[in-house]
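**Student:** Structure below; questions to follow.
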Amino acid sequence: MRKIFLLIAMLLTVGLAGQAQTKKIKVLIDNDYCGDPDGLVALAQQVLSPTTDIVGIVGGHLNDGPGFTTRKDQATESVEKANALLDVMGMKGKLKVVVGAESAMTSADKPIDSEGARLIVTEAKKCSPEKPLFVACGAALTNVASALLLDPSISKNIVVVWIGGQEYSFGAVPPPGYSAVEYNLNLCIPAGQVVFNNSDVRIWQVPRDAYRQCLYSTDEMHANVKPCGKTGAYLSDAIDKVMTTCEGVGIAMGEVYIMGDSPLALLTSLQSGFEADPSSSRWTPTPCPLIDAQGHYQPNPTGRIIRVYTHIDTRLMFSDMEAKLKLFSMKKGK
């Protein structure tokens, strides 16, 4: 304890009291903003995190089936939607936003050479195993896998924080009517094979049973987010629009929404100061499974150890999101 007190005293002496603004970690965000607007909520929270150095935002793809969009250039649409949010926040042009792959990989040995994949390579090369690039991915792993195939040497410099994959045997029971392969993994199974099977990259996985814990009520949204200036109203309206659309086609949404991408901000931006780590959430050290051609996990007892998150600190995550939006609206009128 004496060492900790001495360190605090030293920091105060050199004038670092109060909120630290030093950039702590480098983060590259990769998400399908053309789809579920929970990614936009997570993006706003991360953009407002003063200790996060966002080195780039990559727009991702969905699939060709019916869903959130009918466009074929979905990665381009994702960039447009990310820029639209940044514009509302008065930040358009201040962050690099690039287009990732417009479609899934066809096999685990054929990368898609996109601007997004190349940006991951470029930024990873500036990092090190000790000070890695956190790639916060809330969608298909296409861009991450392509980057690893384009330049395998970057794997030691990256931590992939991924929202995706179905439940493990030690996790929660799958939800009613569940799909055997989770949505984000199913968007590009070959990419999952590259990242899990064929690389040694560090993985922090938030599987379906963990991200489904991130329930946020519409009353909370309307009371705590919508009043937060233009940004809060923009995010709240985006969620309301999806819920209304779903109700219109017979999907009973109830009064909550799954903010499944918000752990991207929690696990990267909201790490503890001393012995830095997202210490308020829980994870199980797990031998990295192999992913087969159908997207199922296959046991791999000798695989490298990955983090599989089983509990998400939604209290910290959502309270921080609300506070950031409120303070931002007070300071900037946004």
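Residue names in the structure tokens use chain letters A, B, ... in the order shown, residue numbers from 1 in each chain, and ligand numbers from 1 in the order shown.
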Write out as a PyMOL selection string which residues come within 12 Å of Ala75 in chain A when counting only C-alpha atoms, dropping same-chain ones fewer than 2 positions away.
**Tutor:** chain A and resi 30-35+57-63+69+71-73+77-82+97-104+114-116+139-140+142-143
**Student:** Take the residues that were just selected and, keeping N, CA and C atoms, output them as a short mmCIF file (atom, residue, chain, number, x, y, z; two decimals), in the first residue's frame.
**Tutor:**
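Below is the file that was written, part_2.cif:
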```cif
data_model
loop_
_atom_site.label_atom_id
_atom_site.label_comp_id
_atom_site.auth_asym_id
_atom_site.auth_seq_id
_atom_site.Cartn_x
_atom_site.Cartn_y
_atom_site.Cartn_z
N ASP A 30 -14.58 -1.74 -35.32
CA ASP A 30 -15.05 -2.38 -36.56
C ASP A 30 -16.48 -2.85 -36.32
N ASN A 31 -17.44 -2.24 -37.03
CA ASN A 31 -18.83 -2.60 -36.76
C ASN A 31 -19.71 -2.41 -37.98
N ASP A 32 -20.83 -3.12 -37.96
CA ASP A 32 -21.81 -3.04 -39.06
C ASP A 32 -22.88 -2.00 -38.72
N TYR A 33 -22.51 -0.74 -38.82
CA TYR A 33 -23.44 0.33 -38.46
C TYR A 33 -24.64 0.41 -39.38
N CYS A 34 -24.60 -0.31 -40.50
CA CYS A 34 -25.76 -0.36 -41.39
C CYS A 34 -26.87 -1.22 -40.80
N GLY A 35 -26.57 -1.92 -39.71
CA GLY A 35 -27.55 -2.82 -39.11
C GLY A 35 -28.09 -2.31 -37.80
N ILE A 57 -12.10 3.83 -37.51
CA ILE A 57 -13.43 3.20 -37.46
C ILE A 57 -13.64 2.53 -38.81
N VAL A 58 -13.96 1.25 -38.79
CA VAL A 58 -14.14 0.49 -40.03
C VAL A 58 -15.61 0.09 -40.16
N GLY A 59 -16.19 0.38 -41.30
CA GLY A 59 -17.57 -0.01 -41.58
C GLY A 59 -17.62 -1.44 -42.08
N GLY A 60 -18.52 -2.24 -41.49
CA GLY A 60 -18.61 -3.65 -41.83
C GLY A 60 -19.88 -4.01 -42.59
N HIS A 61 -19.96 -5.28 -42.98
CA HIS A 61 -21.07 -5.78 -43.78
C HIS A 61 -22.02 -6.64 -42.95
N LEU A 62 -23.21 -6.86 -43.47
CA LEU A 62 -24.14 -7.85 -42.93
C LEU A 62 -24.15 -9.03 -43.90
N ASN A 63 -25.33 -9.47 -44.33
CA ASN A 63 -25.40 -10.50 -45.35
C ASN A 63 -26.41 -10.08 -46.41
N THR A 69 -31.06 -3.77 -43.92
CA THR A 69 -30.82 -2.96 -45.12
C THR A 69 -30.95 -3.83 -46.35
N ARG A 71 -29.33 -2.69 -49.19
CA ARG A 71 -28.21 -2.27 -50.02
C ARG A 71 -27.16 -3.37 -50.14
N LYS A 72 -26.45 -3.39 -51.27
CA LYS A 72 -25.36 -4.34 -51.47
C LYS A 72 -24.04 -3.79 -50.95
N ASP A 73 -23.90 -2.46 -50.96
CA ASP A 73 -22.67 -1.84 -50.47
C ASP A 73 -22.83 -1.52 -48.98
N GLU A 77 -22.47 1.82 -46.51
CA GLU A 77 -23.58 2.35 -45.72
C GLU A 77 -23.19 2.46 -44.25
N SER A 78 -22.41 1.50 -43.75
CA SER A 78 -21.95 1.56 -42.36
C SER A 78 -21.10 2.81 -42.13
N VAL A 79 -20.24 3.13 -43.08
CA VAL A 79 -19.42 4.34 -42.99
C VAL A 79 -20.31 5.58 -42.98
N GLU A 80 -21.30 5.58 -43.84
CA GLU A 80 -22.23 6.73 -43.90
C GLU A 80 -22.94 6.93 -42.57
N LYS A 81 -23.37 5.83 -41.94
CA LYS A 81 -24.10 5.95 -40.68
C LYS A 81 -23.18 6.34 -39.53
N ALA A 82 -21.96 5.85 -39.54
CA ALA A 82 -21.00 6.28 -38.51
C ALA A 82 -20.71 7.77 -38.66
N VAL A 97 -12.57 7.23 -40.73
CA VAL A 97 -13.64 6.25 -40.93
C VAL A 97 -13.49 5.68 -42.33
N VAL A 98 -13.30 4.37 -42.44
CA VAL A 98 -13.01 3.75 -43.73
C VAL A 98 -13.94 2.57 -43.99
N VAL A 99 -14.01 2.20 -45.26
CA VAL A 99 -14.87 1.11 -45.70
C VAL A 99 -14.14 -0.23 -45.58
N GLY A 100 -14.79 -1.18 -44.95
CA GLY A 100 -14.25 -2.53 -44.87
C GLY A 100 -14.78 -3.39 -46.00
N ALA A 101 -14.70 -4.69 -45.82
CA ALA A 101 -15.18 -5.64 -46.83
C ALA A 101 -16.69 -5.48 -47.02
N GLU A 102 -17.13 -5.52 -48.27
CA GLU A 102 -18.55 -5.40 -48.59
C GLU A 102 -19.28 -6.75 -48.52
N SER A 103 -18.52 -7.83 -48.38
CA SER A 103 -19.13 -9.15 -48.33
C SER A 103 -18.25 -10.09 -47.52
N ALA A 104 -18.76 -11.26 -47.23
CA ALA A 104 -18.02 -12.24 -46.44
C ALA A 104 -16.92 -12.89 -47.28
N SER A 114 -9.44 -4.81 -48.32
CA SER A 114 -10.21 -3.57 -48.24
C SER A 114 -9.40 -2.50 -47.53
N GLU A 115 -9.89 -1.27 -47.60
CA GLU A 115 -9.25 -0.19 -46.87
C GLU A 115 -9.29 -0.46 -45.37
N GLY A 116 -10.37 -1.07 -44.91
CA GLY A 116 -10.48 -1.39 -43.49
C GLY A 116 -9.45 -2.40 -43.03
N ALA A 139 -19.21 -7.11 -35.10
CA ALA A 139 -19.87 -7.64 -36.29
C ALA A 139 -19.13 -8.88 -36.77
N ALA A 140 -19.18 -9.13 -38.08
CA ALA A 140 -18.42 -10.22 -38.66
C ALA A 140 -16.92 -9.97 -38.48
N THR A 142 -14.68 -10.47 -40.64
CA THR A 142 -14.12 -10.43 -41.98
C THR A 142 -12.89 -9.54 -42.08
N ASN A 143 -12.99 -8.32 -41.57
CA ASN A 143 -11.87 -7.38 -41.70
C ASN A 143 -10.68 -7.78 -40.85
#
```
**Student:** Can you pull out every residue from range 120-277 of chain A that DSSP, working from the backbone, puts in strand (DSSP E), and format the result as a PyMOL selection string?
**Tutor:** chain A and resi 133-137+158-163+202-206+215-217+256-258
**Student:** With only C-alpha atoms as the atoms that count, which of A:Pro207, A:Gly303, A:Pro285, A:Pro111 lies nearest to Ala147 in chain A?
**Tutor:**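 Looking only at the distances to Ala147 in chain A, the closest residue turns out to be A:Pro111.
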**Student:** So which one's closest to Ala124 in chain A, A:Gly192, A:Asn83, A:Leu148, A:Pro299? Using only C-alpha atoms, please.
**Tutor:**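 Distance minimum relative to Ala124 in chain A lands on A:Leu148.
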**Student:** Using only C-alpha atoms, can you tell me which of A:Thr70, A:Ser146, A:Ser155, A:Thr231 comes closest to Pro129 in chain A?
**Tutor:**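 Closest to Pro129 in chain A of all the choices is A:Ser155.
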**Student:** Choose the residue, out of A:Met105, A:Met330, A:Met221, A:Met317, that has the smallest atom-to-atom separation from Gln46 in chain A; count only C-alpha atoms.
**Tutor:**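 Closest residue, counting only C-alpha atoms: A:Met317.
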**Student:** Kindly indicate which residue among A:Ala223, A:Ile25, A:Asp53, A:Leu149 lies nearest to Asp277 in chain A, using only C-alpha atoms for the distances.
**Tutor:**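 Of the candidates, the smallest distance to Asp277 in chain A is held by A:Ile25.
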